[in-house]
file protein-v2.txt (compact mmCIF, C-alpha atoms)
# COMPACT_ATOMS: atom_id res chain seq x y z
CA MET P 1 113.77 176.18 63.14
CA THR P 2 116.09 177.73 65.69
CA LYS P 3 117.60 175.70 68.50
CA ARG P 4 115.60 177.77 71.02
CA ASN P 5 112.30 177.00 69.27
CA LYS P 6 113.17 173.32 69.00
CA ILE P 7 113.84 173.17 72.76
CA ILE P 8 110.57 175.00 73.53
CA TYR P 9 108.69 172.60 71.24
CA TRP P 10 110.14 169.43 72.76
CA VAL P 11 109.80 170.56 76.38
CA ALA P 12 106.16 171.53 75.82
CA THR P 13 105.44 168.39 73.79
CA VAL P 14 107.00 166.00 76.30
CA TRP P 15 105.13 167.58 79.23
CA LEU P 16 101.90 167.67 77.23
CA SER P 17 102.34 164.02 76.29
CA LEU P 18 103.08 162.96 79.86
CA GLY P 19 100.06 164.89 81.14
CA MET P 20 97.69 163.50 78.54
CA LEU P 21 99.04 159.96 78.81
CA SER P 22 98.82 159.87 82.61
CA THR P 23 95.31 161.36 82.74
CA GLY P 24 94.25 159.11 79.86
CA ILE P 25 95.39 156.00 81.73
CA VAL P 26 93.70 157.16 84.94
CA GLN P 27 90.47 157.72 83.02
CA LEU P 28 90.75 154.44 81.13
CA ILE P 29 91.06 152.41 84.34
CA ASN P 30 88.12 154.30 85.89
CA MET P 31 90.05 155.38 88.96
CA LYS P 32 87.73 156.05 91.91
CA GLU P 33 88.59 159.77 92.08
CA GLU P 34 87.94 160.22 88.36
CA VAL P 35 84.55 158.53 88.64
CA ALA P 36 83.69 160.83 91.57
CA THR P 37 84.73 163.89 89.55
CA MET P 38 82.57 162.80 86.60
CA ASN P 39 79.61 162.39 88.96
CA ILE P 40 80.15 165.89 90.38
CA LEU P 41 80.35 167.32 86.86
CA GLY P 42 77.20 165.45 85.87
CA TYR P 43 78.75 163.35 83.10
CA PRO P 44 78.22 159.60 82.59
CA THR P 45 81.16 157.50 83.71
CA TYR P 46 81.47 155.74 80.34
CA LEU P 47 82.82 159.07 79.05
CA LEU P 48 86.01 158.32 81.02
CA THR P 49 86.80 155.37 78.74
CA ILE P 50 86.21 157.45 75.61
CA LEU P 51 88.38 160.33 76.88
CA GLY P 52 91.13 157.95 78.02
CA ILE P 53 91.33 156.24 74.63
CA TRP P 54 91.28 159.56 72.75
CA LYS P 55 94.04 161.04 74.92
CA ILE P 56 96.32 158.03 74.48
CA LEU P 57 95.73 157.99 70.72
CA GLY P 58 96.34 161.76 70.62
CA VAL P 59 99.71 161.34 72.34
CA LEU P 60 100.67 158.67 69.81
CA ALA P 61 99.62 160.97 66.95
CA ILE P 62 101.64 163.92 68.26
CA LEU P 63 104.80 161.92 68.95
CA THR P 64 104.76 159.79 65.79
CA PRO P 65 106.76 161.22 62.88
CA LYS P 66 104.79 162.22 59.77
CA PHE P 67 100.98 162.32 59.58
CA PRO P 68 100.76 166.13 59.99
CA LEU P 69 97.00 166.30 59.44
CA LEU P 70 96.45 163.71 62.16
CA LYS P 71 98.61 165.83 64.49
CA GLU P 72 96.39 168.87 63.79
CA TRP P 73 93.35 166.84 64.80
CA ALA P 74 95.09 165.62 67.96
CA TYR P 75 96.03 169.17 68.97
CA ALA P 76 92.47 170.32 68.31
CA GLY P 77 91.11 167.43 70.35
CA PHE P 78 93.40 168.22 73.27
CA PHE P 79 92.37 171.87 73.11
CA PHE P 80 88.64 171.07 73.06
CA VAL P 81 88.84 168.46 75.82
CA MET P 82 90.84 170.68 78.17
CA THR P 83 88.83 173.85 77.56
CA GLY P 84 85.71 171.71 78.03
CA ALA P 85 87.10 170.53 81.37
CA ILE P 86 87.72 174.12 82.46
CA VAL P 87 84.18 175.19 81.52
CA SER P 88 82.71 172.10 83.22
CA HIS P 89 84.53 172.87 86.47
CA LEU P 90 83.40 176.50 86.24
CA ALA P 91 79.79 175.45 85.66
CA VAL P 92 79.63 173.44 88.90
CA GLY P 93 81.56 176.02 90.93
CA ASP P 94 84.58 173.85 91.66
CA GLU P 95 87.52 175.14 93.67
CA MET P 96 90.26 177.04 91.84
CA VAL P 97 92.74 174.18 92.31
CA THR P 98 90.71 172.05 89.85
CA PHE P 99 91.55 174.50 87.06
CA PHE P 100 95.33 174.10 87.28
CA GLY P 101 95.67 170.79 85.43
CA PRO P 102 93.40 171.56 82.47
CA THR P 103 94.75 175.11 82.15
CA LEU P 104 98.35 173.87 82.13
CA LEU P 105 97.49 171.29 79.48
CA VAL P 106 95.76 173.94 77.32
CA VAL P 107 98.85 176.15 77.53
CA LEU P 108 101.16 173.22 76.70
CA THR P 109 98.90 172.28 73.77
CA ILE P 110 99.09 175.80 72.34
CA VAL P 111 102.86 176.09 72.87
CA SER P 112 103.57 172.66 71.37
CA TRP P 113 101.30 173.38 68.38
CA TYR P 114 102.77 176.83 67.78
CA TYR P 115 106.43 175.74 67.95
CA ARG P 116 106.05 172.45 66.03
CA PRO P 117 108.63 171.97 63.26
CA ALA P 118 107.66 172.45 59.61
CA ASN P 119 107.65 168.70 58.97
CA ARG P 120 104.94 168.32 61.64
CA LYS P 121 102.63 170.92 60.08
CA SER P 122 99.83 170.07 57.71
CA HIS P 123 100.81 173.02 55.49
CA LYS P 124 104.50 173.80 55.09
CA ASN P 125 103.93 177.43 54.05
CA ASN P 126 103.84 179.64 57.13
CA ASP P 127 100.55 178.35 58.55
CA GLU P 128 100.59 179.96 61.95
CA GLY P 129 96.97 180.96 61.27
CA PHE P 130 95.57 182.88 64.21
CA PHE P 131 99.03 183.58 65.62
CA ALA P 132 100.57 184.80 62.35
CA ALA P 133 102.26 188.17 62.52
CA ASN P 134 100.81 190.44 59.86

call {"tool": "encode", "arguments": {"input": "protein-v2.txt", "output": "structure tokens"}}
result
Amino acid sequence: MTKRNKIIYWVATVWLSLGMLSTGIVQLINMKEEVATMNILGYPTYLLTILGIWKILGVLAILTPKFPLLKEWAYAGFFFVMTGAIVSHLAVGDEMVTFFGPTLLVVLTIVSWYYRPANRKSHKNNDEGFFAAN
């Protein structure tokens, strides 16, 4: 892994982790604004606790050395949760500003996943999958 790629990976991963950890905590404590958002989106408020726990566990999985398969699941979970948030906000016709956070976190998820070092991949043999250059 080149120095450039390592820097890209760690910058994206740290920002992703901070974003997921902070939103996970806010959801876990059922902050008033989060409860209001869930009501607008039409979701039950108990979903906040589930999302908060999953996000915090996902951050731990991504930052902990080893356990590459667990990391893959955490990245997938982050991707699904954030794209789900984008679609949910679209479905209720929310303002464009509500798309910034989830969109940024989707981009950081993809960048962190793509640039992760070989020892953080579930398969060590060139598994860029969808992004592989043929």

call {"tool": "closest_residue", "arguments": {"input": "protein-v2.txt", "among": "P:Ile40, P:Leu16, P:Ile29, P:Thr2", "to": "Val107 of chain P", "atoms": "all atoms listed in the file"}}
result
P:Leu16

call {"tool": "residues_around", "arguments": {"input": "protein-v2.txt", "residues": "segment 85-94 of chain P", "least_positions_apart": "6", "cutoff": "12 Å", "atoms": "only C-alpha atoms", "output": "list in words"}}
result
Thr37, Met38, Asn39, Ile40, Leu41, Gly42, Tyr43, Leu51, Phe78, Phe79, Phe100, Gly101, Pro102, Thr103, Leu104, Leu105 and Val106 of chain P

call {"tool": "atom_distance", "arguments": {"input": "protein-v2.txt", "atom1": "atom CA of Phe99 of chain P", "atom2": "atom CA of Glu72 of chain P"}}
result
24.4 Å

call {"tool": "residues_around", "arguments": {"input": "protein-v2.txt", "residues": "segment 7-14 of chain P", "least_positions_apart": "2", "cutoff": "9 Å", "atoms": "all atoms listed in the file", "output": "PyMOL selection string"}}
result
chain P and resi 2-5+16-19+62-63+107-117

call {"tool": "residues_near_point", "arguments": {"input": "protein-v2.txt", "point": "(99.6, 164.3, 65.8)", "cutoff": "12 Å", "atoms": "all atoms listed in the file", "output": "PyMOL selection string"}}
result
chain P and resi 13+17+54-78+109+112-113+116+119-122

call {"tool": "atom_distance", "arguments": {"input": "protein-v2.txt", "atom1": "atom CA of Thr23 of chain P", "atom2": "atom CA of Gly52 of chain P"}}
result
7.2 Å
